[in-house]
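Q: What follows is a single structure, and I will ask about it in a moment.
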Amino acid sequence: MTSSPSDWVGSVYLYIQSDSTSLPAQYDSCRASVYAALSKALTDVSRVSTNSLEILKINRGDRELILHLKFCGQETCKSFLQDYRERRIHQHLQNQLGHCLTMGSLIVHLELKVDGEKLDTILENENQCLRYIFSLKPSYQKDDELAELDRNLMQLSLCSVTPQNSNSPSSQGSSLCPSSQGSPPHTLRSGSSEGNTFRFLGQEYVDRPLTAAHHQLFANSVGRSWKKVGRTLKKDCRALRDPAIENLAFEHEKEGLYEQAYQMLRRFIDCEGRKATLQRLVDALVDNELNGIAEDLLALPENELK
């Protein structure tokens with residue numbers, strides 16, 4: 001390591017899965033509560049502040065939640081790796097999520113990855129793990145939605161120090177979990193056009209954030225044209241600015257066109273968050289005369305205007 005501790009920054013993807021329940025579905029239905037549980041588990045066990053260990057983004061896979069964690073400081077990262085190796089991270093996540101979801105016996109399975117490299121197989125080699133994590137520099141700031149949840153949690157913490165009448169409206173509405181209040185979770189737009197409509201070939205479609213289905217279909221279909229689409233998207237996406245696209249091509253050359261296209265769109269989604277919408281990808285495809293792929297994306301059932 002050539003950098004000083006003060007400027008040591010790296011990141012890792014933490015995959016969290018449970019056989020007892022669908023964590024992605026739980027996160028969708030009770031976002032603030034689940035996020036609070038995840039944040040508390042990670043910061044409590046490693047005895048660090050949210051400034052040195054941050055959840056930048058939460059992605060939802062088919063069965064797992066994928067947390068993009070950022071470390072500021074090598075010692076913070078070392079502490080996390082030690083706690084992970086000794087399964088304290090596992091235990092705290094199980095306790096916090098089990099309490100949050102009222103599932104006392106919840107068991108979670110965790111996996112650490114950096115660009116496809118599974119760190120779980122090399123945990124005893126701390127220096128190598130640190131090198132991998134240090135090599136993955138976050139290309140974006142904390143997701144707007146998570147930043148808003150942080151602010152809400154801070155306000156709730158400040159309010160909790162003031163005694164309140166248990167029958168007052170403020171105390172009755174202090175639960176973080178929307179399901180306990182019989183109302184759906186608040187969805188943050190983060191400046192995206194989600195929920196608006198756009199037209200393609202004379203038909204109207206609802207705009208929304210890109211899903212795993214869009215991601216897979218795009219990577220399977222775009223072939224060598226992925227670079228052209230990436231260059232169109234880069235006009236409004238700092239994560240794809242030069243030389244990012246050429247670097248992706250070089251890094252994933254051996255894995256083929258699918259992986260190159262997949263990683264390009266993943267970088268776009270990671271950077272833009274909920275602003276990485278269907279319309280932006282369709283527009284980029286149309287600009288490069290790839291209307292057929294755009295049609296296939298829009299033909300997916302969840303993309304049809306209801």
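Chain lettering (A, B, ...) mirrors the order of the structure tokens, residue numbering begins at 1 for each chain separately, and ligand numbering begins at 1 in order of display.
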May I have the residues within 7 Å of stretch 61-75 of chain A as an mmCIF file with N, CA, C and O atoms, in the first residue's frame, using only C-alpha atoms and disregarding those fewer than 4 positions away in the same chain?
A:
```cif
data_model
loop_
_atom_site.group_PDB
_atom_site.id
_atom_site.type_symbol
_atom_site.label_atom_id
_atom_site.label_comp_id
_atom_site.auth_asym_id
_atom_site.auth_seq_id
_atom_site.Cartn_x
_atom_site.Cartn_y
_atom_site.Cartn_z
ATOM 1 N N PRO A 5 -2.950 6.326 5.483
ATOM 2 C CA PRO A 5 -4.237 5.866 6.014
ATOM 3 C C PRO A 5 -5.363 6.851 5.781
ATOM 4 O O PRO A 5 -6.510 6.462 5.611
ATOM 5 N N SER A 6 -5.031 8.154 5.743
ATOM 6 C CA SER A 6 -6.096 9.149 5.626
ATOM 7 C C SER A 6 -6.750 9.159 4.258
ATOM 8 O O SER A 6 -7.890 9.582 4.123
ATOM 9 N N ASP A 7 -6.024 8.734 3.214
ATOM 10 C CA ASP A 7 -6.626 8.761 1.881
ATOM 11 C C ASP A 7 -6.857 7.357 1.323
ATOM 12 O O ASP A 7 -7.056 7.174 0.136
ATOM 13 N N TRP A 8 -6.829 6.354 2.199
ATOM 14 C CA TRP A 8 -7.071 4.973 1.777
ATOM 15 C C TRP A 8 -8.580 4.802 1.598
ATOM 16 O O TRP A 8 -9.358 4.901 2.552
ATOM 17 N N VAL A 9 -9.005 4.541 0.366
ATOM 18 C CA VAL A 9 -10.425 4.361 0.055
ATOM 19 C C VAL A 9 -10.584 3.125 -0.819
ATOM 20 O O VAL A 9 -9.841 2.940 -1.792
ATOM 21 N N GLY A 10 -11.522 2.293 -0.479
ATOM 22 C CA GLY A 10 -11.820 1.108 -1.285
ATOM 23 C C GLY A 10 -13.267 0.706 -1.093
ATOM 24 O O GLY A 10 -13.999 1.309 -0.299
ATOM 25 N N SER A 11 -13.682 -0.332 -1.810
ATOM 26 C CA SER A 11 -15.078 -0.770 -1.674
ATOM 27 C C SER A 11 -15.193 -2.254 -1.973
ATOM 28 O O SER A 11 -14.284 -2.870 -2.543
ATOM 29 N N VAL A 12 -16.327 -2.812 -1.597
ATOM 30 C CA VAL A 12 -16.584 -4.240 -1.786
ATOM 31 C C VAL A 12 -18.091 -4.433 -1.889
ATOM 32 O O VAL A 12 -18.870 -3.599 -1.412
ATOM 33 N N TYR A 13 -18.502 -5.519 -2.531
ATOM 34 C CA TYR A 13 -19.922 -5.867 -2.614
ATOM 35 C C TYR A 13 -20.213 -6.977 -1.600
ATOM 36 O O TYR A 13 -19.570 -8.032 -1.615
ATOM 37 N N LEU A 14 -21.181 -6.726 -0.723
ATOM 38 C CA LEU A 14 -21.599 -7.708 0.271
ATOM 39 C C LEU A 14 -22.950 -8.272 -0.138
ATOM 40 O O LEU A 14 -23.945 -7.552 -0.203
ATOM 41 N N TYR A 15 -22.990 -9.566 -0.423
ATOM 42 C CA TYR A 15 -24.218 -10.257 -0.813
ATOM 43 C C TYR A 15 -24.846 -10.869 0.443
ATOM 44 O O TYR A 15 -24.183 -11.583 1.197
ATOM 45 N N ILE A 16 -26.141 -10.598 0.649
ATOM 46 C CA ILE A 16 -26.858 -11.099 1.826
ATOM 47 C C ILE A 16 -28.089 -11.867 1.359
ATOM 48 O O ILE A 16 -28.930 -11.328 0.640
ATOM 49 N N GLN A 17 -28.189 -13.120 1.794
ATOM 50 C CA GLN A 17 -29.306 -13.969 1.375
ATOM 51 C C GLN A 17 -29.809 -14.757 2.575
ATOM 52 O O GLN A 17 -29.065 -15.070 3.499
ATOM 53 N N SER A 22 -37.462 -13.808 1.520
ATOM 54 C CA SER A 22 -36.867 -13.056 0.407
ATOM 55 C C SER A 22 -36.463 -11.678 0.914
ATOM 56 O O SER A 22 -37.320 -10.814 1.126
ATOM 57 N N LEU A 23 -35.185 -11.463 1.121
ATOM 58 C CA LEU A 23 -34.730 -10.164 1.611
ATOM 59 C C LEU A 23 -35.001 -9.036 0.611
ATOM 60 O O LEU A 23 -35.344 -7.918 1.026
ATOM 61 N N PRO A 24 -34.869 -9.271 -0.723
ATOM 62 C CA PRO A 24 -35.246 -8.196 -1.657
ATOM 63 C C PRO A 24 -36.700 -7.773 -1.499
ATOM 64 O O PRO A 24 -37.016 -6.581 -1.538
ATOM 65 N N SER A 52 -16.685 6.372 8.031
ATOM 66 C CA SER A 52 -15.584 5.514 7.602
ATOM 67 C C SER A 52 -16.059 4.203 6.975
ATOM 68 O O SER A 52 -15.297 3.529 6.291
ATOM 69 N N LEU A 53 -17.305 3.844 7.197
ATOM 70 C CA LEU A 53 -17.912 2.685 6.529
ATOM 71 C C LEU A 53 -19.306 3.098 6.090
ATOM 72 O O LEU A 53 -20.172 3.371 6.919
ATOM 73 N N GLU A 54 -19.523 3.154 4.783
ATOM 74 C CA GLU A 54 -20.803 3.607 4.241
ATOM 75 C C GLU A 54 -21.430 2.549 3.348
ATOM 76 O O GLU A 54 -20.727 1.830 2.632
ATOM 77 N N ILE A 55 -22.743 2.478 3.396
ATOM 78 C CA ILE A 55 -23.484 1.724 2.378
ATOM 79 C C ILE A 55 -23.796 2.711 1.265
ATOM 80 O O ILE A 55 -24.629 3.593 1.417
ATOM 81 N N LEU A 56 -23.098 2.576 0.129
ATOM 82 C CA LEU A 56 -23.302 3.510 -0.978
ATOM 83 C C LEU A 56 -24.583 3.231 -1.733
ATOM 84 O O LEU A 56 -25.254 4.150 -2.209
ATOM 85 N N LYS A 57 -24.908 1.945 -1.872
ATOM 86 C CA LYS A 57 -26.055 1.573 -2.698
ATOM 87 C C LYS A 57 -26.512 0.181 -2.296
ATOM 88 O O LYS A 57 -25.712 -0.646 -1.854
ATOM 89 N N SER A 79 -10.655 -3.946 10.312
ATOM 90 C CA SER A 79 -11.586 -4.296 11.374
ATOM 91 C C SER A 79 -12.796 -5.039 10.821
ATOM 92 O O SER A 79 -13.255 -6.040 11.386
#
```
Q: Run DSSP on the backbone and tell me which residues of stretch 27-256 of chain A come out as strand (DSSP E or B); list them as JSON, numbers by chain.
A: {"A": [53, 54, 55, 56, 57, 58, 59, 60, 64, 65, 66, 67, 68, 69, 70, 71, 72, 109, 110, 111, 112, 113, 114, 117, 118, 197, 198, 199, 200, 203, 204, 205, 206, 209]}
Q: I'd like the neighbourhood of A:Arg231 as a list in words, where a residue qualifies if any of its atoms comes within 10 Å (using only C-alpha atoms), though same-chain residues fewer than 3 positions away should be ignored.
A: Trp226, Lys227, Lys228, Lys234, Lys235, Asp236, Cys237, Leu240, Arg241, Asp242, Ala244, Ile245 and Ala284 of chain A
Q: Would you kindly return, as a ChimeraX atom specification, each protein, DNA or RNA residue with an atom no farther than 7 Å from any atom of stretch 82-89 of chain A, considering only C-alpha atoms and excluding same-chain residues fewer than 2 positions away?
A: /A:42,45-46,78-80,91-93,123
Q: Counting only C-alpha atoms, which residue out of A:Leu300, A:Leu130, A:Val34, A:Leu248 sits closest to A:Tyr262?
A: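 Closest to A:Tyr262, using only C-alpha atoms: A:Leu248.
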Q: Any idea what's packed within 9 Å of A:Asn196, counting only C-alpha atoms, ignoring anything in its chain fewer than 3 positions away? Could you give it as a list of chain:residue names?
A: A:Ser193, A:Tyr205, A:Val206, A:Asp207, A:Arg208
